[in-house]
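Take a look at the structure below.
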Number of protein chains: 2
Amino acid sequence: MPHNRRFLLIRRPNGEPVPEDFSLVTEPTPELADGEFLIRNHHASLDPAIRGWMDDAPSYMPPIPLGDPVRASTVGIVEASKAEGFAPGQWVMGLNAIEDYSVGTIGGFTQPIDASLVPSVTNYLSVLGAVGMTAYFGYIDVCEPKPGDVVLVTGAAGAVGSLVGQIAKIKGASKVIGIAGGPEKCAKLTSRYGFDAAIDYRGKDLAALTDAIRAEAPDGVDIIFENVGGDILDAGLNNLRHGARIGLCGLISEYNCVEKIGARNIWQLIVHRASIRGLLVADYIPRFAEGGAAMAAWLQQGRLIADEHVDEGIENSFDAFMRLFAGSNQGKMILKIT
Amino acid sequence: MPHNRRFLLIRRPNGEPVPEDFSLVTEPTPELADGEFLIRNHHASLDPAIRGWMDDAPSYMPPIPLGDPVRASTVGIVEASKAEGFAPGQWVMGLNAIEDYSVGTIGGFTQPIDASLVPSVTNYLSVLGAVGMTAYFGYIDVCEPKPGDVVLVTGAAGAVGSLVGQIAKIKGASKVIGIAGGPEKCAKLTSRYGFDAAIDYRGKDLAALTDAIRAEAPDGVDIIFENVGGDILDAGLNNLRHGARIGLCGLISEYNCVEKIGARNIWQLIVHRASIRGLLVADYIPRFAEGGAAMAAWLQQGRLIADEHVDEGIENSFDAFMRLFAGSNQGKMILKIT
């Protein structure tokens, strides 16, 4: 049997993860029982949500057990099978882990995919995966867009944010403003992703962020697609138009914080009769075909750019994951395992 | 001309208001211009919202100018008139101020009321006024109730909260839990207002509040009607059921705070795909007839208890107002001016 390298969580991070919270081990590849199949993982999706699964706190999914490999969506090829419908050589995608080999079961989260439909099979981890579906349904369904909306996207250069900004333009927003970190990313928002304006949050406190948004949206914003939290969310709350909708997708600024900040300016929800609504892509699984068709069509029409940032080697898992919090990735963060 | 005692705001409170922020003065009663009428204010409504109007901060209404009397809803009688439709002797209600005499104008916020329809004309400041309409539309419209809901009301012994709990029961909630301060108020929630359970927040930190709600609602709550904020809101956020709706009516725990806390646990909105939506009763003015009819019918049927707490004398304005923050009022807080 081949060896199975696995990137284990061995200690729960206290705030920001450190290398000592993890261990890369090599174990024998598991034997298959009836109804199981062996997946050779080729790529893993690195997402901020994974940080939440490392905490022993109630959430929408149980924590990653200590000693288990770090949970992640992967694409891979079936290498051996005792399960009908999963023949060796079949490309599959599922919620597995950062490891060479995972075991899938019939009726589990791993499903066959057609690699011939996409330029790169990694697209199933980005624009046609959870990230793309989060952007599509989070914007279309949770933010209730109307033509002419002024839209603010935070974490706008990230995997989800860059797609949301483009979807907002396609759906008739009159102005799309993105917030990102650093001049390079801000330039990319307007030159590559078609945002109308970009705000660099670096070096700006709450008052400066508030003013910067106001300068771009003097009458306030109708929609905020929120990925970040903290001062950035509070500055957005200071710039609401009446009836504004805030789709709460993530709070990446808080995932490594022990003390949560949340949203301090919720009084503004009363002032503007606005709402914050949490979104989780899992709710939309029954509608993924609709979302996938829309995203694929826009891609083909050249209306959507979906960048991917691929780091190679399971031994680089920690550094690749931490890019998400440093913001040093240039597109959807993907780890090439093999 | 009679003298006009006026309770002026002369300094913006820094945190909790102090007597020195106000001044009771006596001025000549104003002369009327054409289209104006003179209102002899009998009662003023004291509401937590007034505290917000004292701050020089952007809100849904301009701040009370320094040197002006404290803005408040009043009921009174027209004493003199140069305005068609407002004859002397007519009862009126409007957004005026804590003063003996206010000047109304045609097309202004002051409207005639029929004092013969209600047991007490003060009902127009409570169950048929902004408080009653806030409870009615805030619950019916913003919280989107469904039969069988588990409902949590904070500030439950207050003017709005006590009505919301009763409306929730009328509208088919399976369980209504109220949070209030002290054993007396908690006893009143269940014995007088028909709540199914009461939680005393005094002496409880966030963890204890979270546990207390969980004990009453082990599967979480479908609706929170939020009047308080701070730890009480965060504890509610720790106990959401999937798809929960939070109607954000007020944040009384913060009105006297310079540093705002907001909602620290908004991550739970993602976990449970829940929403927070701000509400302001002014949005429902076109539907007040509907709300008034419903509240009046329930009152007549004995299904609704609307307590009022009347303090007497404009010279007691400060102490009466501060009851709202000490929680020492037993029902809708009203000041009898004359």
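Chain labels run A, B, ... following the order of the structure tokens; each chain numbers its residues from 1, and ligands are numbered from 1 in the order shown.
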Please, which residues in chain A fall within 8 Å of chain B when counting only C-alpha atoms, and what is the closest atom pair and distance in Å to one decimal for each, ordered by chain then residue number, as a tab-separated table?
```
residue	atom	partner	partner_atom	distance
A:Ser59	CA	B:Val271	CA	5.6
A:Tyr60	CA	B:Val271	CA	4.9
A:Leu248	CA	B:Ile270	CA	6.8
A:Cys249	CA	B:Ile270	CA	7.0
A:Gly250	CA	B:Ile270	CA	7.7
A:Leu251	CA	B:Trp267	CA	7.4
A:Lys260	CA	B:Arg264	CA	5.7
A:Ile261	CA	B:Arg264	CA	5.1
A:Gly262	CA	B:Arg264	CA	3.8
A:Ala263	CA	B:Ala263	CA	5.3
A:Arg264	CA	B:Gly262	CA	3.8
A:Asn265	CA	B:Gly262	CA	5.9
A:Ile266	CA	B:Gly262	CA	5.7
A:Trp267	CA	B:Leu251	CA	7.4
A:Gln268	CA	B:Ser59	CA	7.6
A:Leu269	CA	B:Gly278	CA	4.6
A:Ile270	CA	B:Gly278	CA	3.9
A:Val271	CA	B:Tyr60	CA	4.9
A:His272	CA	B:Tyr60	CA	7.3
A:Arg273	CA	B:Gly278	CA	4.6
A:Ala274	CA	B:Gly278	CA	5.6
A:Ser275	CA	B:Arg277	CA	4.1
A:Ile276	CA	B:Ile276	CA	5.2
A:Arg277	CA	B:Ser275	CA	4.1
A:Gly278	CA	B:Ile270	CA	3.9
A:Leu279	CA	B:Ile270	CA	5.2
A:Leu280	CA	B:Ile270	CA	6.2
```
Test item: residues at most 7 Å from Asp222 of chain B, only C-alpha atoms, excluding those fewer than 3 positions along its chain, as a VMD selection string: chain B and resid 149 to 151 240 to 241 244 to 245
Can you tell me which residues surround segment 301-318 of chain A at a distance of at most 6 Å, considering only C-alpha atoms, apart from same-chain residues fewer than 2 positions away, and format the answer as a PDB file with N, CA and C atoms, in the first residue's frame?
```pdb
ATOM      1  N   TRP A 298     -21.116  32.836 -17.601  1.00  0.00           N
ATOM      2  CA  TRP A 298     -20.423  34.135 -17.513  1.00  0.00           C
ATOM      3  C   TRP A 298     -18.931  33.991 -17.779  1.00  0.00           C
ATOM      4  N   LEU A 299     -18.378  32.871 -17.301  1.00  0.00           N
ATOM      5  CA  LEU A 299     -16.960  32.596 -17.583  1.00  0.00           C
ATOM      6  C   LEU A 299     -16.729  32.489 -19.088  1.00  0.00           C
ATOM      7  N   ALA A 320       0.708  28.003   3.283  1.00  0.00           N
ATOM      8  CA  ALA A 320      -0.327  28.299   2.293  1.00  0.00           C
ATOM      9  C   ALA A 320      -1.618  28.742   2.991  1.00  0.00           C
ATOM     10  N   PHE A 321      -1.972  28.054   4.066  1.00  0.00           N
ATOM     11  CA  PHE A 321      -3.188  28.413   4.798  1.00  0.00           C
ATOM     12  C   PHE A 321      -3.083  29.814   5.389  1.00  0.00           C
ATOM     13  N   GLN A 330      -3.208  35.596  -4.277  1.00  0.00           N
ATOM     14  CA  GLN A 330      -3.724  36.367  -5.421  1.00  0.00           C
ATOM     15  C   GLN A 330      -4.799  35.536  -6.112  1.00  0.00           C
ATOM     16  N   GLY A 331      -5.921  35.371  -5.454  1.00  0.00           N
ATOM     17  CA  GLY A 331      -6.997  34.561  -5.999  1.00  0.00           C
ATOM     18  C   GLY A 331      -7.333  33.429  -5.052  1.00  0.00           C
ATOM     19  N   LYS A 332      -8.269  32.616  -5.473  1.00  0.00           N
ATOM     20  CA  LYS A 332      -8.697  31.477  -4.642  1.00  0.00           C
ATOM     21  C   LYS A 332      -7.507  30.624  -4.244  1.00  0.00           C
ATOM     22  N   MET A 333      -7.343  30.415  -2.954  1.00  0.00           N
ATOM     23  CA  MET A 333      -6.170  29.714  -2.424  1.00  0.00           C
ATOM     24  C   MET A 333      -6.371  28.209  -2.539  1.00  0.00           C
ATOM     25  N   ILE A 334      -5.456  27.568  -3.260  1.00  0.00           N
ATOM     26  CA  ILE A 334      -5.543  26.128  -3.501  1.00  0.00           C
ATOM     27  C   ILE A 334      -4.185  25.506  -3.218  1.00  0.00           C
ATOM     28  N   LEU A 335      -4.213  24.365  -2.574  1.00  0.00           N
ATOM     29  CA  LEU A 335      -2.973  23.634  -2.310  1.00  0.00           C
ATOM     30  C   LEU A 335      -2.914  22.428  -3.240  1.00  0.00           C
ATOM     31  N   LYS A 336      -1.834  22.345  -3.995  1.00  0.00           N
ATOM     32  CA  LYS A 336      -1.632  21.166  -4.836  1.00  0.00           C
ATOM     33  C   LYS A 336      -0.942  20.127  -3.972  1.00  0.00           C
ATOM     34  N   ILE A 337      -1.634  19.043  -3.700  1.00  0.00           N
ATOM     35  CA  ILE A 337      -1.095  18.032  -2.791  1.00  0.00           C
ATOM     36  C   ILE A 337      -0.092  17.153  -3.516  1.00  0.00           C
TER      37      ILE A 337
END
```
Distance query segment 204-211 of chain B at most 6 Å, only C-alpha atoms, self and fewer than 3 positions along chain excluded, as a PyMOL selection string: chain B and resi 201+214+231+235
Quick one: write out the picked residues with C-alpha atoms as an mmCIF file, in the first residue's frame?
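So out33.cif came out as:
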```cif
data_model
loop_
_atom_site.group_PDB
_atom_site.id
_atom_site.type_symbol
_atom_site.label_atom_id
_atom_site.label_comp_id
_atom_site.auth_asym_id
_atom_site.auth_seq_id
_atom_site.Cartn_x
_atom_site.Cartn_y
_atom_site.Cartn_z
ATOM 1 C CA TYR B 201 -30.650 39.329 34.154
ATOM 2 C CA ARG B 214 -30.803 27.643 26.968
ATOM 3 C CA ASP B 231 -24.555 40.919 27.093
ATOM 4 C CA ALA B 235 -26.634 35.742 25.074
#
```
Selection near segment 6-23 of chain A, 7 Å with only C-alpha atoms, sequence-local residues under 2 positions removed, as a list of chain:residue names: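 The filter keeps A:Asn4, A:Val25, A:Thr26, A:Met54, A:Asp55, A:Leu66, A:Gly67, A:Asp68, A:Pro69, A:Val70, A:Ile98, A:Glu99, A:Asp100, A:Asn256, A:Cys257, A:Val258, A:Phe318.
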Could you write out the selected residues, including C-alpha atoms, as a PDB file, in the first residue's frame?
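So the final result, stored in part24.pdb, reads:
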```pdb
ATOM      1  CA  ASN A   4      -0.452   8.524   3.140  1.00  0.00           C
ATOM      2  CA  VAL A  25       2.746  12.517   9.477  1.00  0.00           C
ATOM      3  CA  THR A  26       2.961   9.542   7.148  1.00  0.00           C
ATOM      4  CA  MET A  54     -10.182  24.284  14.440  1.00  0.00           C
ATOM      5  CA  ASP A  55     -11.895  25.859  17.467  1.00  0.00           C
ATOM      6  CA  LEU A  66      -7.562  16.703  17.543  1.00  0.00           C
ATOM      7  CA  GLY A  67      -5.339  14.192  15.820  1.00  0.00           C
ATOM      8  CA  ASP A  68      -7.429  14.220  12.661  1.00  0.00           C
ATOM      9  CA  PRO A  69      -6.204  15.729   9.397  1.00  0.00           C
ATOM     10  CA  VAL A  70      -7.354  19.270   8.663  1.00  0.00           C
ATOM     11  CA  ILE A  98      -5.440  17.716   3.610  1.00  0.00           C
ATOM     12  CA  GLU A  99      -3.932  14.285   3.021  1.00  0.00           C
ATOM     13  CA  ASP A 100      -2.775  12.191   0.090  1.00  0.00           C
ATOM     14  CA  ASN A 256      -7.731  34.535  14.979  1.00  0.00           C
ATOM     15  CA  CYS A 257      -9.026  36.810  17.764  1.00  0.00           C
ATOM     16  CA  VAL A 258      -9.903  35.414  21.150  1.00  0.00           C
ATOM     17  CA  PHE A 318       0.678  25.750   7.002  1.00  0.00           C
TER      18      PHE A 318
END
```
Show which residues sit within 10 Å of Glu290 of chain B, as a PDB file with N, CA and C atoms, in the first residue's frame. Count only C-alpha atoms, and ignore same-chain residues fewer than 4 positions away.
```
ATOM      1  N   MET B 133     -47.605  50.881  18.727  1.00  0.00           N
ATOM      2  CA  MET B 133     -47.378  50.620  17.304  1.00  0.00           C
ATOM      3  C   MET B 133     -46.003  49.988  17.071  1.00  0.00           C
ATOM      4  N   TYR B 136     -46.519  46.349  17.989  1.00  0.00           N
ATOM      5  CA  TYR B 136     -47.362  45.650  17.014  1.00  0.00           C
ATOM      6  C   TYR B 136     -46.607  45.413  15.703  1.00  0.00           C
ATOM      7  N   PHE B 137     -46.139  46.488  15.078  1.00  0.00           N
ATOM      8  CA  PHE B 137     -45.499  46.332  13.768  1.00  0.00           C
ATOM      9  C   PHE B 137     -44.108  45.720  13.886  1.00  0.00           C
ATOM     10  N   TYR B 284     -44.199  52.975   9.880  1.00  0.00           N
ATOM     11  CA  TYR B 284     -45.522  52.342   9.850  1.00  0.00           C
ATOM     12  C   TYR B 284     -46.662  53.334  10.030  1.00  0.00           C
ATOM     13  N   ILE B 285     -46.337  54.620  10.014  1.00  0.00           N
ATOM     14  CA  ILE B 285     -47.391  55.621  10.218  1.00  0.00           C
ATOM     15  C   ILE B 285     -48.585  55.391   9.273  1.00  0.00           C
ATOM     16  N   PRO B 286     -48.340  55.063   7.984  1.00  0.00           N
ATOM     17  CA  PRO B 286     -49.499  54.827   7.108  1.00  0.00           C
ATOM     18  C   PRO B 286     -50.362  53.643   7.541  1.00  0.00           C
ATOM     19  N   ALA B 294     -56.239  46.808  15.957  1.00  0.00           N
ATOM     20  CA  ALA B 294     -55.897  45.513  16.560  1.00  0.00           C
ATOM     21  C   ALA B 294     -55.663  45.657  18.054  1.00  0.00           C
ATOM     22  N   MET B 295     -54.891  46.663  18.433  1.00  0.00           N
ATOM     23  CA  MET B 295     -54.569  46.829  19.852  1.00  0.00           C
ATOM     24  C   MET B 295     -55.830  47.164  20.649  1.00  0.00           C
TER      25      MET B 295
END
```
Residues within 10 Å of segment 109-113 of chain A, only C-alpha atoms, excluding chain neighbours under 3 positions, as JSON, numbers by chain: {"A": [39, 73, 74, 75, 76, 77, 78, 85, 86, 87, 90, 91, 92, 93, 94, 95, 96, 103, 104, 105, 106, 116, 117, 121, 124]}
Backbone DSSP call of helix (DSSP H, G or I) for segment 76-181 of chain B, listed as a ChimeraX atom specification: /B:115-117,121-125,130-142,159-170
All strand (DSSP E) positions in segment 250-333 of chain B, as a list in words: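 Matching residues, listed in order: Ser275, Ile276, Arg277, Gly278, Glu308, His309, Val310, Asp311, Glu312, Lys332 and Met333 of chain B.
Taking only C-alpha atoms into account, Ile252 of chain B lies nearest to B:Ala49 out of the set B:Val221, B:Ala80, B:Ala296, B:Ala49.
Atom pair atom CA of Pro63 of chain A / atom CA of Ser126 of chain A: separated by 23.3 Å.
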Given only C-alpha atoms as the counted atoms, nearest of B:Leu38, B:Ala293, B:Ile177, B:Ala135 to Gly236 of chain B: B:Ile177
Distance of atom CA of Ala33 of chain A from atom CA of Ser81 of chain A, expressed in Å to one decimal place: 9.2 Å
Interatomic distance (Å, one decimal) between atom CA of Val118 of chain A and atom CA of Ala157 of chain A: 22.7 Å
